file query_30.csv (CSV, C-alpha atoms and all ligand atoms)
chain,number,residue,atom,x,y,z
A,27,MET,CA,10.4,182.7,87.4
A,28,ALA,CA,6.8,182.5,88.5
A,29,SER,CA,6.0,182.1,92.1
A,30,ALA,CA,3.6,179.5,93.4
A,31,PRO,CA,0.1,181.1,93.3
A,32,ASP,CA,-0.6,180.2,97.0
A,33,ILE,CA,2.5,181.9,98.3
A,34,PRO,CA,1.5,185.5,99.4
A,35,LEU,CA,3.7,188.2,98.0
A,36,PRO,CA,4.3,191.3,100.1
A,37,VAL,CA,3.6,194.8,98.8
A,38,MET,CA,7.0,196.1,97.8
A,39,VAL,CA,7.9,199.9,97.8
A,40,ALA,CA,11.2,200.9,96.4
A,41,VAL,CA,12.5,204.2,97.7
A,42,PHE,CA,14.5,205.7,94.9
A,43,ASN,CA,15.9,208.9,93.4
A,44,GLN,CA,19.0,209.0,91.1
A,45,LYS,CA,20.2,212.0,93.0
A,46,GLY,CA,22.3,211.5,96.1
A,47,GLY,CA,21.7,212.9,99.6
A,48,VAL,CA,17.9,213.5,99.2
A,49,ALA,CA,16.9,211.4,102.3
A,50,LYS,CA,16.2,208.1,100.6
A,51,THR,CA,17.7,206.1,103.5
A,52,THR,CA,16.1,208.4,106.1
A,53,THR,CA,12.8,208.0,104.4
A,54,ALA,CA,13.0,204.2,103.9
A,55,CYS,CA,14.0,203.6,107.6
A,56,ASN,CA,11.3,205.9,109.0
A,57,LEU,CA,8.6,204.7,106.8
A,58,ALA,CA,9.6,201.1,107.7
A,59,VAL,CA,9.4,201.8,111.4
A,60,CYS,CA,6.2,203.8,111.1
A,61,LEU,CA,4.5,201.1,109.0
A,62,THR,CA,5.4,198.7,111.8
A,63,ALA,CA,3.9,201.1,114.3
A,64,PHE,CA,0.7,201.0,112.3
A,65,GLY,CA,0.6,197.2,112.8
A,66,TYR,CA,2.1,195.8,109.7
A,67,ARG,CA,4.9,193.3,109.5
A,68,VAL,CA,7.7,194.9,107.5
A,69,LEU,CA,11.0,193.9,106.0
A,70,LEU,CA,13.4,196.7,105.2
A,71,VAL,CA,15.9,195.7,102.5
A,72,ASP,CA,19.1,197.6,102.1
A,73,LEU,CA,20.2,197.5,98.5
A,74,ASP,CA,22.7,200.3,98.7
A,75,THR,CA,26.3,199.3,98.8
A,76,GLN,CA,26.9,202.2,101.2
A,77,GLY,CA,25.0,200.1,103.8
A,78,ASN,CA,23.5,203.2,105.4
A,79,ALA,CA,20.1,201.7,106.2
A,80,THR,CA,21.9,198.7,107.8
A,81,ASN,CA,24.2,201.0,109.8
A,82,SER,CA,21.1,203.1,110.8
A,83,PHE,CA,19.9,200.1,112.8
A,84,GLY,CA,23.3,199.8,114.6
A,85,VAL,CA,24.6,197.0,112.4
A,86,SER,CA,28.3,197.8,111.7
A,87,PRO,CA,30.4,196.5,110.1
A,88,LEU,CA,28.2,195.0,107.4
A,89,PRO,CA,27.4,191.3,107.9
A,90,ALA,CA,28.7,188.5,105.7
A,91,SER,CA,25.2,187.6,104.4
A,92,GLY,CA,22.3,189.7,103.4
A,93,ALA,CA,20.3,191.1,100.5
A,94,PHE,CA,22.9,190.1,97.8
A,95,GLU,CA,23.0,186.5,99.0
A,96,VAL,CA,19.3,186.3,99.0
A,97,ILE,CA,18.9,187.7,95.5
A,98,THR,CA,21.6,185.5,94.1
A,99,GLY,CA,20.0,182.4,95.7
A,100,ARG,CA,23.0,181.7,98.0
A,101,ALA,CA,21.0,182.3,101.2
A,102,LYS,CA,17.4,182.2,102.4
A,103,VAL,CA,15.9,185.4,103.7
A,104,ALA,CA,14.9,183.6,106.8
A,105,ASP,CA,18.5,182.8,107.6
A,106,VAL,CA,20.0,186.2,107.1
A,107,ALA,CA,17.3,188.8,107.9
A,108,LEU,CA,17.9,190.4,111.3
A,109,ASP,CA,15.2,191.2,113.7
A,110,THR,CA,15.3,194.7,115.2
A,111,ALA,CA,14.3,196.3,118.4
A,112,TYR,CA,10.9,197.1,116.9
A,113,ASP,CA,8.4,194.2,117.1
A,114,GLY,CA,7.3,193.4,113.5
A,115,LEU,CA,10.3,195.0,111.7
A,116,TRP,CA,13.1,193.0,110.1
A,117,LEU,CA,16.2,194.1,108.2
A,118,LEU,CA,17.7,192.4,105.2
A,119,PRO,CA,21.1,194.0,105.4
A,120,ALA,CA,23.6,195.2,102.8
A,121,THR,CA,26.8,193.2,102.7
A,122,MET,CA,30.3,193.7,101.5
A,123,SER,CA,29.6,191.2,98.7
A,124,LEU,CA,26.9,193.6,97.4
A,125,ARG,CA,29.6,196.3,97.3
A,126,ASP,CA,32.1,194.1,95.5
A,127,ASN,CA,29.8,192.2,93.2
A,128,ASP,CA,27.0,194.6,92.2
A,129,HIS,CA,27.6,193.8,88.6
A,130,LEU,CA,26.5,190.2,89.3
A,131,LEU,CA,23.0,191.6,89.8
A,132,ALA,CA,22.7,192.8,86.2
A,133,HIS,CA,20.7,189.8,85.3
A,134,ALA,CA,18.4,190.2,88.2
A,135,GLY,CA,17.7,193.7,87.1
A,136,ARG,CA,16.3,192.5,83.8
A,137,ARG,CA,14.2,189.8,85.3
A,138,ARG,CA,10.7,190.7,86.4
A,139,GLY,CA,9.9,189.7,90.0
A,140,LEU,CA,13.0,188.0,91.1
A,141,LEU,CA,13.4,189.8,94.4
A,142,GLU,CA,9.7,189.5,95.0
A,143,THR,CA,9.9,185.8,94.5
A,144,ARG,CA,12.8,185.5,96.8
A,145,LEU,CA,10.8,187.2,99.6
A,146,ALA,CA,7.6,185.3,99.0
A,147,GLY,CA,6.3,183.4,102.0
A,148,THR,CA,8.1,185.3,104.7
A,149,GLY,CA,4.8,186.4,106.1
A,150,VAL,CA,5.6,190.2,106.0
A,151,ASP,CA,3.0,192.6,104.6
A,152,LEU,CA,5.3,195.1,103.2
A,153,VAL,CA,8.9,195.3,101.9
A,154,ILE,CA,10.6,198.7,101.9
A,155,VAL,CA,13.7,198.8,99.7
A,156,ASP,CA,16.4,201.5,100.2
A,157,CYS,CA,18.0,202.0,96.8
A,158,PRO,CA,21.4,203.5,95.9
A,159,PRO,CA,21.6,206.9,94.3
A,160,ALA,CA,22.0,205.7,90.8
A,161,LEU,CA,20.3,203.3,88.4
A,162,ALA,CA,22.7,200.6,89.5
A,163,ALA,CA,22.0,196.9,89.0
A,164,ALA,CA,20.7,196.8,92.6
A,165,THR,CA,18.2,199.5,91.8
A,166,ALA,CA,17.0,197.8,88.7
A,167,THR,CA,16.6,194.6,90.7
A,168,ALA,CA,14.3,196.4,93.1
A,169,LEU,CA,12.3,198.2,90.4
A,170,ALA,CA,11.9,195.0,88.5
A,171,SER,CA,9.9,193.6,91.5
A,172,ALA,CA,8.4,196.6,93.2
A,173,SER,CA,4.7,197.3,93.4
A,174,ALA,CA,5.5,201.0,93.5
A,175,VAL,CA,8.3,203.5,93.8
A,176,LEU,CA,8.4,206.4,96.2
A,177,MET,CA,10.7,209.3,95.3
A,178,PRO,CA,12.1,211.5,98.0
A,179,VAL,CA,13.1,214.9,96.6
A,180,ARG,CA,15.1,217.5,98.4
A,181,PRO,CA,14.0,220.9,96.8
A,182,ASP,CA,17.5,222.2,95.9
A,183,PRO,CA,18.3,224.0,92.6
A,184,PHE,CA,19.1,220.7,90.9
A,185,ALA,CA,16.2,218.8,92.3
A,186,HIS,CA,13.9,219.2,89.3
A,187,GLU,CA,16.4,217.9,86.8
A,188,GLY,CA,17.2,214.9,89.0
A,189,LEU,CA,13.5,214.1,89.4
A,190,VAL,CA,12.8,214.3,85.7
A,191,ASN,CA,15.7,211.9,84.9
A,192,THR,CA,14.5,209.6,87.7
A,193,TRP,CA,11.0,209.7,86.4
A,194,TYR,CA,12.2,208.9,82.9
A,195,GLU,CA,14.2,205.9,84.1
A,196,ILE,CA,11.2,204.5,86.1
A,197,LYS,CA,9.0,204.8,83.0
A,198,ARG,CA,11.6,203.0,80.9
A,199,ILE,CA,11.8,200.1,83.5
A,200,ARG,CA,8.0,199.9,83.7
A,201,GLU,CA,7.8,199.6,79.9
A,202,ALA,CA,10.7,197.2,79.5
A,203,VAL,CA,10.6,195.0,82.6
A,204,ASN,CA,7.8,195.6,85.2
A,205,VAL,CA,4.5,196.8,83.8
A,206,GLN,CA,3.0,196.5,87.4
A,207,LEU,CA,5.3,199.2,88.7
A,208,GLY,CA,3.3,202.0,90.1
A,209,VAL,CA,4.2,205.4,91.6
A,210,ALA,CA,3.8,205.8,95.3
A,211,GLY,CA,4.5,209.5,95.1
A,212,ILE,CA,7.1,212.2,95.4
A,213,LEU,CA,7.9,213.2,98.9
A,214,LEU,CA,9.6,216.6,99.5
A,215,THR,CA,12.3,216.2,102.1
A,216,MET,CA,14.6,218.5,104.0
A,217,ALA,CA,12.2,221.3,103.1
A,218,GLY,CA,12.9,224.8,104.4
A,219,SER,CA,16.7,224.4,104.4
A,220,GLU,CA,17.4,226.1,101.1
A,221,ALA,CA,16.7,229.7,100.2
A,222,THR,CA,15.2,228.6,96.9
A,223,GLY,CA,13.5,225.5,98.4
A,224,ASP,CA,10.0,226.9,98.4
A,225,ASP,CA,10.3,228.0,94.7
A,226,VAL,CA,11.7,224.6,93.7
A,227,GLY,CA,8.9,222.9,95.7
A,228,ARG,CA,6.3,225.0,93.9
A,229,VAL,CA,7.7,224.1,90.5
A,230,ILE,CA,7.7,220.4,91.3
A,231,ARG,CA,4.1,220.6,92.7
A,232,ALA,CA,3.0,222.5,89.6
A,233,GLU,CA,4.5,220.0,87.2
A,234,PHE,CA,3.8,216.7,89.1
A,235,GLY,CA,0.6,217.7,90.7
A,236,GLU,CA,-1.2,214.9,92.7
A,237,GLN,CA,2.0,212.8,92.6
A,238,VAL,CA,3.5,215.1,95.2
A,239,TYR,CA,2.7,214.3,98.9
A,240,GLY,CA,0.7,216.9,100.7
A,241,VAL,CA,3.0,216.5,103.7
A,242,GLU,CA,6.6,217.7,103.5
A,243,ILE,CA,9.5,216.5,105.7
A,244,ASN,CA,11.1,219.6,107.1
A,245,THR,CA,14.7,220.0,107.9
A,246,ASP,CA,15.1,219.0,111.5
A,247,PRO,CA,18.3,218.7,113.6
A,248,LYS,CA,16.7,215.7,115.4
A,249,VAL,CA,17.3,213.7,112.2
A,250,ALA,CA,21.0,213.8,112.6
A,251,GLU,CA,20.7,213.3,116.4
A,252,ALA,CA,18.6,210.2,115.8
A,253,ALA,CA,21.1,208.9,113.2
A,254,GLN,CA,23.9,209.2,115.7
A,255,MET,CA,22.0,207.1,118.1
A,256,SER,CA,21.1,204.5,115.4
A,257,LEU,CA,17.4,205.4,115.8
A,258,PRO,CA,14.8,206.5,113.2
A,259,VAL,CA,13.7,210.0,114.0
A,260,ALA,CA,10.1,208.8,114.3
A,261,VAL,CA,11.3,206.8,117.3
A,262,LEU,CA,13.5,209.4,118.9
A,263,ASP,CA,11.1,212.2,118.4
A,264,PRO,CA,7.6,210.9,117.3
A,265,ASP,CA,6.0,214.2,118.3
A,266,GLY,CA,8.7,216.4,116.7
A,267,LEU,CA,8.8,218.2,113.3
A,268,ALA,CA,10.3,215.4,111.2
A,269,GLY,CA,9.2,212.5,113.3
A,270,ARG,CA,5.5,213.5,113.1
A,271,ALA,CA,5.8,214.3,109.4
A,272,TYR,CA,7.0,210.8,108.7
A,273,VAL,CA,4.0,209.4,110.5
A,274,ASP,CA,1.8,211.6,108.3
A,275,ALA,CA,3.8,210.5,105.2
A,276,THR,CA,3.2,206.9,106.2
A,277,GLU,CA,-0.6,207.4,106.3
A,278,GLU,CA,-0.4,209.2,102.9
A,279,LEU,CA,1.7,206.3,101.5
A,280,LEU,CA,-1.0,203.8,102.7
A,281,ARG,CA,-3.8,205.9,101.1
A,282,ARG,CA,-1.8,206.0,97.8
A,283,LEU,CA,-1.2,202.3,97.8
A,284,GLU,CA,-4.9,201.7,98.4
A,285,ARG,CA,-5.9,204.0,95.6
A,286,GLN,CA,-3.7,202.2,93.2
A,287,ASN,CA,-5.9,199.2,93.7
A,288,ARG,CA,-3.7,196.8,91.9
A,289,PRO,CA,-3.8,193.1,93.0
A,290,GLY,CA,-0.2,193.5,94.3
A,291,THR,CA,-0.8,196.6,96.4
A,292,ARG,CA,-3.8,195.5,98.5
A,293,LEU,CA,-3.2,195.6,102.3
A,294,ARG,CA,-5.4,195.0,105.3
A,295,PRO,CA,-6.5,198.3,106.9
A,296,PRO,CA,-3.9,199.9,109.2
A,297,GLY,CA,-4.2,200.2,112.9
A,298,GLY,CA,-5.2,203.6,114.3
A,299,ARG,CA,-3.0,206.7,114.3
A,300,ASP,CA,-3.1,207.2,118.1
A,301,GLU,CA,-2.1,203.6,118.6
A,302,ALA,CA,0.8,204.0,116.1
A,303,LEU,CA,2.0,207.1,117.9
A,304,ASN,CA,1.8,205.4,121.3
A,305,ARG,CA,3.8,202.5,119.9
A,306,LEU,CA,6.5,204.9,118.7
A,307,ARG,CA,6.6,206.7,122.0
A,308,GLU,CA,6.9,203.3,123.8
A,309,TRP,CA,9.8,202.3,121.5
A,310,ARG,CA,11.4,205.6,122.3
A,311,SER,CA,11.3,205.0,126.0
A,312,THR,CA,12.6,201.4,125.7
A,313,THR,CA,15.2,202.0,123.0
A,314,HIS,CA,18.2,204.1,123.9
A,315,ALA,CA,20.7,202.6,121.5
A,316,ALA,CA,20.8,200.2,118.7
A,317,LEU,CA,19.3,197.1,120.1
A,318,LEU,CA,19.6,195.0,117.1
A,319,ARG,CA,21.3,191.7,118.1
A,320,THR,CA,24.8,191.1,116.7
A,321,PRO,CA,24.6,189.7,113.3
A,322,THR,CA,26.4,186.4,113.6
A,323,ASP,CA,26.1,183.3,111.5
A,324,GLY,CA,22.9,181.4,111.7
A,325,GLN,CA,20.9,184.1,113.5
A,326,GLY,CA,18.3,184.6,110.9
A,327,TRP,CA,14.7,184.1,112.1
A,328,ALA,CA,14.3,180.6,110.8
A,329,LYS,CA,17.3,179.3,112.7
A,330,ARG,CA,15.7,179.9,116.1
A,331,GLY,CA,14.1,176.7,117.3
A,332,GLY,CA,15.4,174.7,114.4
A,333,LYS,CA,15.1,175.1,110.7
A,334,ALA,CA,11.9,176.2,109.0
A,335,ASN,CA,9.6,173.6,107.4
A,336,GLY,CA,11.6,170.7,108.6
A,337,ASP,CA,14.3,171.6,106.0
A,338,ASP,CA,17.4,169.5,106.8
A,339,ASP,CA,19.3,170.5,103.8
A,340,ASP,CA,22.5,172.2,105.1
A,341,ASP,CA,23.8,173.0,101.6
A,342,ASP,CA,23.4,176.8,101.3
A,343,GLU,CA,24.7,176.9,97.7
A,344,ALA,CA,22.0,177.4,95.2
A,345,ASP,CA,22.0,175.4,91.9
A,346,ASP,CA,23.1,178.5,90.1
A,347,TYR,CA,22.8,182.2,90.9
A,348,PHE,CA,19.2,182.6,89.8
A,349,GLY,CA,18.0,179.1,89.3
A,350,SER,CA,16.5,178.0,92.5
A,351,THR,CA,14.1,179.8,94.7
A,352,PRO,CA,14.3,179.3,98.5
A,353,ARG,CA,11.2,177.6,99.8
A,354,PRO,CA,8.8,179.6,101.8
A,355,GLU,CA,10.0,180.2,105.3
A,356,GLN,CA,8.3,180.3,108.6
A,357,ALA,CA,7.0,183.6,109.9
A,358,PRO,CA,9.6,185.7,111.7
A,359,PRO,CA,9.6,185.5,115.5
A,360,ALA,CA,8.4,188.2,117.8
A,361,ASN,CA,10.8,187.7,120.7
A,362,ARG,CA,13.0,190.7,121.4
A,363,GLY,CA,14.5,189.5,124.7
A,364,HIS,CA,17.9,188.5,123.7
A,365,ALA,CA,18.2,191.5,121.3
A,366,LEU,CA,17.6,193.8,124.4
A,367,LEU,CA,20.2,191.8,126.3
A,368,LEU,CA,22.8,192.1,123.6
A,369,GLY,CA,22.0,195.8,123.2
A,370,LEU,CA,22.8,196.2,126.9
A,371,LEU,CA,25.9,194.1,126.6
A,372,GLY,CA,26.9,196.4,123.7
A,373,ILE,CA,26.5,199.5,125.8
A,374,VAL,CA,28.5,198.0,128.7
A,375,SER,CA,31.3,196.8,126.3
A,376,GLY,CA,31.2,200.4,124.8
A,377,MET,CA,31.8,201.8,128.3
A,378,TRP,CA,34.7,199.4,128.7
A,379,ILE,CA,36.2,200.4,125.4
A,380,GLU,CA,35.8,204.0,126.3
A,381,ALA,CA,37.5,203.4,129.7
A,382,LEU,CA,40.3,201.4,128.0
A,383,THR,CA,40.9,204.0,125.3
A,384,GLY,CA,40.8,206.8,127.9
A,385,GLY,CA,43.5,204.9,129.9
A,386,LEU,CA,45.6,204.4,126.8
A,387,ARG,CA,45.2,208.1,125.9
A,388,ARG,CA,46.4,209.0,129.4
A,389,LEU,CA,49.3,206.6,129.1
A,390,PHE,CA,50.5,207.9,125.7
A,391,LEU,CA,49.7,211.6,126.1
A,392,GLY,CA,50.3,211.8,129.8
A,393,GLY,CA,47.0,213.6,130.3
A,394,GLY,CA,45.1,213.6,133.6
A,401,LIG,N1,14.6,216.0,107.5
A,401,LIG,C1,15.9,216.1,107.7
A,401,LIG,N2,16.4,217.1,108.4
A,401,LIG,C2,17.8,217.2,108.6
A,401,LIG,N3,18.7,216.3,108.1
A,401,LIG,C3,18.2,215.3,107.3
A,401,LIG,C4,16.8,215.2,107.0
A,401,LIG,N4,16.6,214.1,106.3
A,401,LIG,C5,17.8,213.6,106.0
A,401,LIG,N5,18.8,214.3,106.6
A,401,LIG,C6,20.2,214.1,106.6
A,401,LIG,O1,20.7,214.3,105.2
A,401,LIG,C7,21.7,213.4,104.9
A,401,LIG,C8,21.4,212.5,103.7
A,401,LIG,O2,20.3,211.7,104.1
A,401,LIG,P1,20.2,210.2,103.5
A,401,LIG,O3,21.4,209.5,103.8
A,401,LIG,O4,18.9,209.7,104.0
A,401,LIG,O5,20.1,210.5,102.0
A,401,LIG,P2,20.2,209.5,100.8
A,401,LIG,O6,19.4,210.0,99.7
A,401,LIG,O7,19.9,208.1,101.3
A,401,LIG,O8,21.7,209.6,100.4
A,401,LIG,P3,22.5,208.6,99.4
A,401,LIG,O9,22.1,209.1,98.0
A,401,LIG,O10,23.9,208.8,99.7
A,401,LIG,O11,22.1,207.2,99.6
A,401,LIG,C9,21.9,212.6,106.2
A,401,LIG,O12,23.0,213.1,106.9
A,401,LIG,C10,20.6,212.7,106.9
A,401,LIG,O13,20.8,212.6,108.4
A,402,MG,MG,21.0,206.3,101.1
call {"tool": "encode", "arguments": {"input": "query_30.csv", "output": "structure tokens"}}
result
Amino acid sequence: MASAPDIPLPVMVAVFNQKGGVAKTTTACNLAVCLTAFGYRVLLVDLDTQGNATNSFGVSPLPASGAFEVITGRAKVADVALDTAYDGLWLLPATMSLRDNDHLLAHAGRRRGLLETRLAGTGVDLVIVDCPPALAAATATALASASAVLMPVRPDPFAHEGLVNTWYEIKRIREAVNVQLGVAGILLTMAGSEATGDDVGRVIRAEFGEQVYGVEINTDPKVAEAAQMSLPVAVLDPDGLAGRAYVDATEELLRRLERQNRPGTRLRPPGGRDEALNRLREWRSTTHAALLRTPTDGQGWAKRGGKANGDDDDDDEADDYFGSTPRPEQAPPANRGHALLLGLLGIVSGMWIEALTGGLRRLFLGGG
């Protein structure tokens, strides 16, 4: 399906490695928030049935509508994307249906540009896609649309084999489906945690050369601490080891996208580094918990203040799974007010639950 030529397409970066537990989700979430801090409008898409990126922004359980519904034409991105506590960053969440119906995306994975077309006209500059740890249909769907793929690699003894397999699969998809797919580099993550890590890192650098980022993301306990608080580490600790490294990696990603110089990877210049760091520090001071508003029906950004483009059609069903393309939506809103309010309500209700469960514990266990 070709998109209308006047509808701007965002630059799409898929974060993928076939290997599990290499910091794909951590990287996708942190790059998304750092790119936002650099002044871009960013949509983070969670295509992993585990829903870790969605949970990372405090959305749990997974909502009823999200990435799967948008890809299959059952929902418009404007209706189901969630705004976050970070001005300019939106989340297209994973859903239970993605978990249960992943096989229905098989067709989308063979079709060049379907996800890109579904996201056209949203007004975002960049889309970051968190992929599952396998070449599942969802991954193929992302790679069939992406401008570039970024591969996080944890330098453990099996890292090299995993990377070679991943590289091979990407090459295959580029040849068969998406000739535009570029490489946005290999990012070494959780460096310094394995005795053999330095050796593995050296082997990967020797073999993949320039493709490997100069900056490495070191192992940092703040990452787990941040995850527990539903915050990206770049927000919790922008001046720390991993937080600062993700800011550096973001700058390197932007340089790499610029160097590719493909029509689909051109971005306006980023804001300044100091400005980005200040924005992260500001978010740190204003965000102490997941401040994403509760994902309820009809809370997508187009719903606020009426439907986008005067669209009165209430029928959310698409003609078929892949037939119709949602019309371009209005730009996402910048208002965070009620998200903050709901976040505070969440904290207060959490305290109530804690008080209640504490009371029940005392009742059943007879403790003091
Ligand atoms: N720099 C880091 N320092 C310490 N812990 C980290 C770091 N990066 C990631 N982690 C932790 O490693 C674990 C795996 O990270 P993550 O979930 O991002 O990997 P993944 O590749 O997305 O996993 P999966 O393949 O299951 O999707 C998480 O517990 C995360 O908090
Ligand atoms: Mg993950």
call {"tool": "closest_residue", "arguments": {"input": "query_30.csv", "among": "A:Leu176, A:Ala132, A:Ala268, A:Leu306", "to": "ligand LIG 401 (chain A)", "atoms": "all atoms listed in the file"}}
result
A:Ala268
call {"tool": "closest_residue", "arguments": {"input": "query_30.csv", "among": "A:Glu95, A:Asp182, A:Asp156, A:Asp151", "to": "ligand MG 402 (chain A)", "atoms": "all atoms listed in the file"}}
result
A:Asp156
call {"tool": "residues_near_ligand", "arguments": {"input": "query_30.csv", "ligand": "ligand LIG 401 (chain A)", "cutoff": "6 Å", "atoms": "all atoms listed in the file", "output": "list in words"}}
result
Gly46, Gly47, Val48, Ala49, Lys50, Thr51, Thr52, Pro158, Pro159, Thr215, Met216, Ile243, Asn244, Thr245, Asp246, Pro247, Val249, Ala250 and Ala268 of chain A
call {"tool": "closest_atom_pairs", "arguments": {"input": "query_30.csv", "of": "chain A", "to": "ligand MG 402 (chain A)", "cutoff": "12 Å", "atoms": "only C-alpha atoms and all ligand atoms", "output": "CSV"}}
result
residue,atom,partner,partner_atom,distance
A:Val41,CA,A:MG402,MG,9.4
A:Phe42,CA,A:MG402,MG,9.0
A:Asn43,CA,A:MG402,MG,9.6
A:Gln44,CA,A:MG402,MG,10.5
A:Lys45,CA,A:MG402,MG,9.9
A:Gly46,CA,A:MG402,MG,7.3
A:Gly47,CA,A:MG402,MG,6.8
A:Val48,CA,A:MG402,MG,8.1
A:Ala49,CA,A:MG402,MG,6.7
A:Lys50,CA,A:MG402,MG,5.2
A:Thr51,CA,A:MG402,MG,4.1
A:Thr52,CA,A:MG402,MG,7.3
A:Thr53,CA,A:MG402,MG,9.0
A:Ala54,CA,A:MG402,MG,8.7
A:Cys55,CA,A:MG402,MG,9.9
A:Val71,CA,A:MG402,MG,11.8
A:Asp72,CA,A:MG402,MG,9.0
A:Leu73,CA,A:MG402,MG,9.2
A:Asp74,CA,A:MG402,MG,6.7
A:Thr75,CA,A:MG402,MG,9.1
A:Gln76,CA,A:MG402,MG,7.2
A:Gly77,CA,A:MG402,MG,7.9
A:Asn78,CA,A:MG402,MG,5.9
A:Ala79,CA,A:MG402,MG,6.9
A:Thr80,CA,A:MG402,MG,10.2
A:Asn81,CA,A:MG402,MG,10.7
A:Ser82,CA,A:MG402,MG,10.2
A:Ala120,CA,A:MG402,MG,11.5
A:Val155,CA,A:MG402,MG,10.6
A:Asp156,CA,A:MG402,MG,6.7
A:Cys157,CA,A:MG402,MG,6.8
A:Pro158,CA,A:MG402,MG,5.9
A:Pro159,CA,A:MG402,MG,6.9
A:Ala160,CA,A:MG402,MG,10.4
A:Thr165,CA,A:MG402,MG,11.9
A:Pro178,CA,A:MG402,MG,10.8
call {"tool": "write_last_selection", "arguments": {"input": "query_30.csv", "atoms": "C-alpha atoms", "output": "PDB file, in the frame of the given file"}}
result
ATOM      1  CA  VAL A  41      12.500 204.200  97.700  1.00  0.00           C
ATOM      2  CA  PHE A  42      14.500 205.700  94.900  1.00  0.00           C
ATOM      3  CA  ASN A  43      15.900 208.900  93.400  1.00  0.00           C
ATOM      4  CA  GLN A  44      19.000 209.000  91.100  1.00  0.00           C
ATOM      5  CA  LYS A  45      20.200 212.000  93.000  1.00  0.00           C
ATOM      6  CA  GLY A  46      22.300 211.500  96.100  1.00  0.00           C
ATOM      7  CA  GLY A  47      21.700 212.900  99.600  1.00  0.00           C
ATOM      8  CA  VAL A  48      17.900 213.500  99.200  1.00  0.00           C
ATOM      9  CA  ALA A  49      16.900 211.400 102.300  1.00  0.00           C
ATOM     10  CA  LYS A  50      16.200 208.100 100.600  1.00  0.00           C
ATOM     11  CA  THR A  51      17.700 206.100 103.500  1.00  0.00           C
ATOM     12  CA  THR A  52      16.100 208.400 106.100  1.00  0.00           C
ATOM     13  CA  THR A  53      12.800 208.000 104.400  1.00  0.00           C
ATOM     14  CA  ALA A  54      13.000 204.200 103.900  1.00  0.00           C
ATOM     15  CA  CYS A  55      14.000 203.600 107.600  1.00  0.00           C
ATOM     16  CA  VAL A  71      15.900 195.700 102.500  1.00  0.00           C
ATOM     17  CA  ASP A  72      19.100 197.600 102.100  1.00  0.00           C
ATOM     18  CA  LEU A  73      20.200 197.500  98.500  1.00  0.00           C
ATOM     19  CA  ASP A  74      22.700 200.300  98.700  1.00  0.00           C
ATOM     20  CA  THR A  75      26.300 199.300  98.800  1.00  0.00           C
ATOM     21  CA  GLN A  76      26.900 202.200 101.200  1.00  0.00           C
ATOM     22  CA  GLY A  77      25.000 200.100 103.800  1.00  0.00           C
ATOM     23  CA  ASN A  78      23.500 203.200 105.400  1.00  0.00           C
ATOM     24  CA  ALA A  79      20.100 201.700 106.200  1.00  0.00           C
ATOM     25  CA  THR A  80      21.900 198.700 107.800  1.00  0.00           C
ATOM     26  CA  ASN A  81      24.200 201.000 109.800  1.00  0.00           C
ATOM     27  CA  SER A  82      21.100 203.100 110.800  1.00  0.00           C
ATOM     28  CA  ALA A 120      23.600 195.200 102.800  1.00  0.00           C
ATOM     29  CA  VAL A 155      13.700 198.800  99.700  1.00  0.00           C
ATOM     30  CA  ASP A 156      16.400 201.500 100.200  1.00  0.00           C
ATOM     31  CA  CYS A 157      18.000 202.000  96.800  1.00  0.00           C
ATOM     32  CA  PRO A 158      21.400 203.500  95.900  1.00  0.00           C
ATOM     33  CA  PRO A 159      21.600 206.900  94.300  1.00  0.00           C
ATOM     34  CA  ALA A 160      22.000 205.700  90.800  1.00  0.00           C
ATOM     35  CA  THR A 165      18.200 199.500  91.800  1.00  0.00           C
ATOM     36  CA  PRO A 178      12.100 211.500  98.000  1.00  0.00           C
TER      37      PRO A 178
END
call {"tool": "residues_near_point", "arguments": {"input": "query_30.csv", "point": "(19.6, 197.8, 112.5)", "cutoff": "10 Å", "atoms": "only C-alpha atoms", "output": "count of residues only"}}
result
30
call {"tool": "residues_around", "arguments": {"input": "query_30.csv", "residues": "Trp193 (chain A)", "least_positions_apart": "2", "cutoff": "12 Å", "atoms": "all atoms listed in the file", "output": "PyMOL selection string"}}
result
chain A and resi 42-45+161+175-179+186-191+195-200+208-209+211-212+234+237
call {"tool": "write_last_selection", "arguments": {"input": "query_30.csv", "atoms": "C-alpha atoms", "output": "CSV table (one decimal), keeping the file's coordinate frame"}}
result
chain,number,residue,atom,x,y,z
A,42,PHE,CA,14.5,205.7,94.9
A,43,ASN,CA,15.9,208.9,93.4
A,44,GLN,CA,19.0,209.0,91.1
A,45,LYS,CA,20.2,212.0,93.0
A,161,LEU,CA,20.3,203.3,88.4
A,175,VAL,CA,8.3,203.5,93.8
A,176,LEU,CA,8.4,206.4,96.2
A,177,MET,CA,10.7,209.3,95.3
A,178,PRO,CA,12.1,211.5,98.0
A,179,VAL,CA,13.1,214.9,96.6
A,186,HIS,CA,13.9,219.2,89.3
A,187,GLU,CA,16.4,217.9,86.8
A,188,GLY,CA,17.2,214.9,89.0
A,189,LEU,CA,13.5,214.1,89.4
A,190,VAL,CA,12.8,214.3,85.7
A,191,ASN,CA,15.7,211.9,84.9
A,195,GLU,CA,14.2,205.9,84.1
A,196,ILE,CA,11.2,204.5,86.1
A,197,LYS,CA,9.0,204.8,83.0
A,198,ARG,CA,11.6,203.0,80.9
A,199,ILE,CA,11.8,200.1,83.5
A,200,ARG,CA,8.0,199.9,83.7
A,208,GLY,CA,3.3,202.0,90.1
A,209,VAL,CA,4.2,205.4,91.6
A,211,GLY,CA,4.5,209.5,95.1
A,212,ILE,CA,7.1,212.2,95.4
A,234,PHE,CA,3.8,216.7,89.1
A,237,GLN,CA,2.0,212.8,92.6
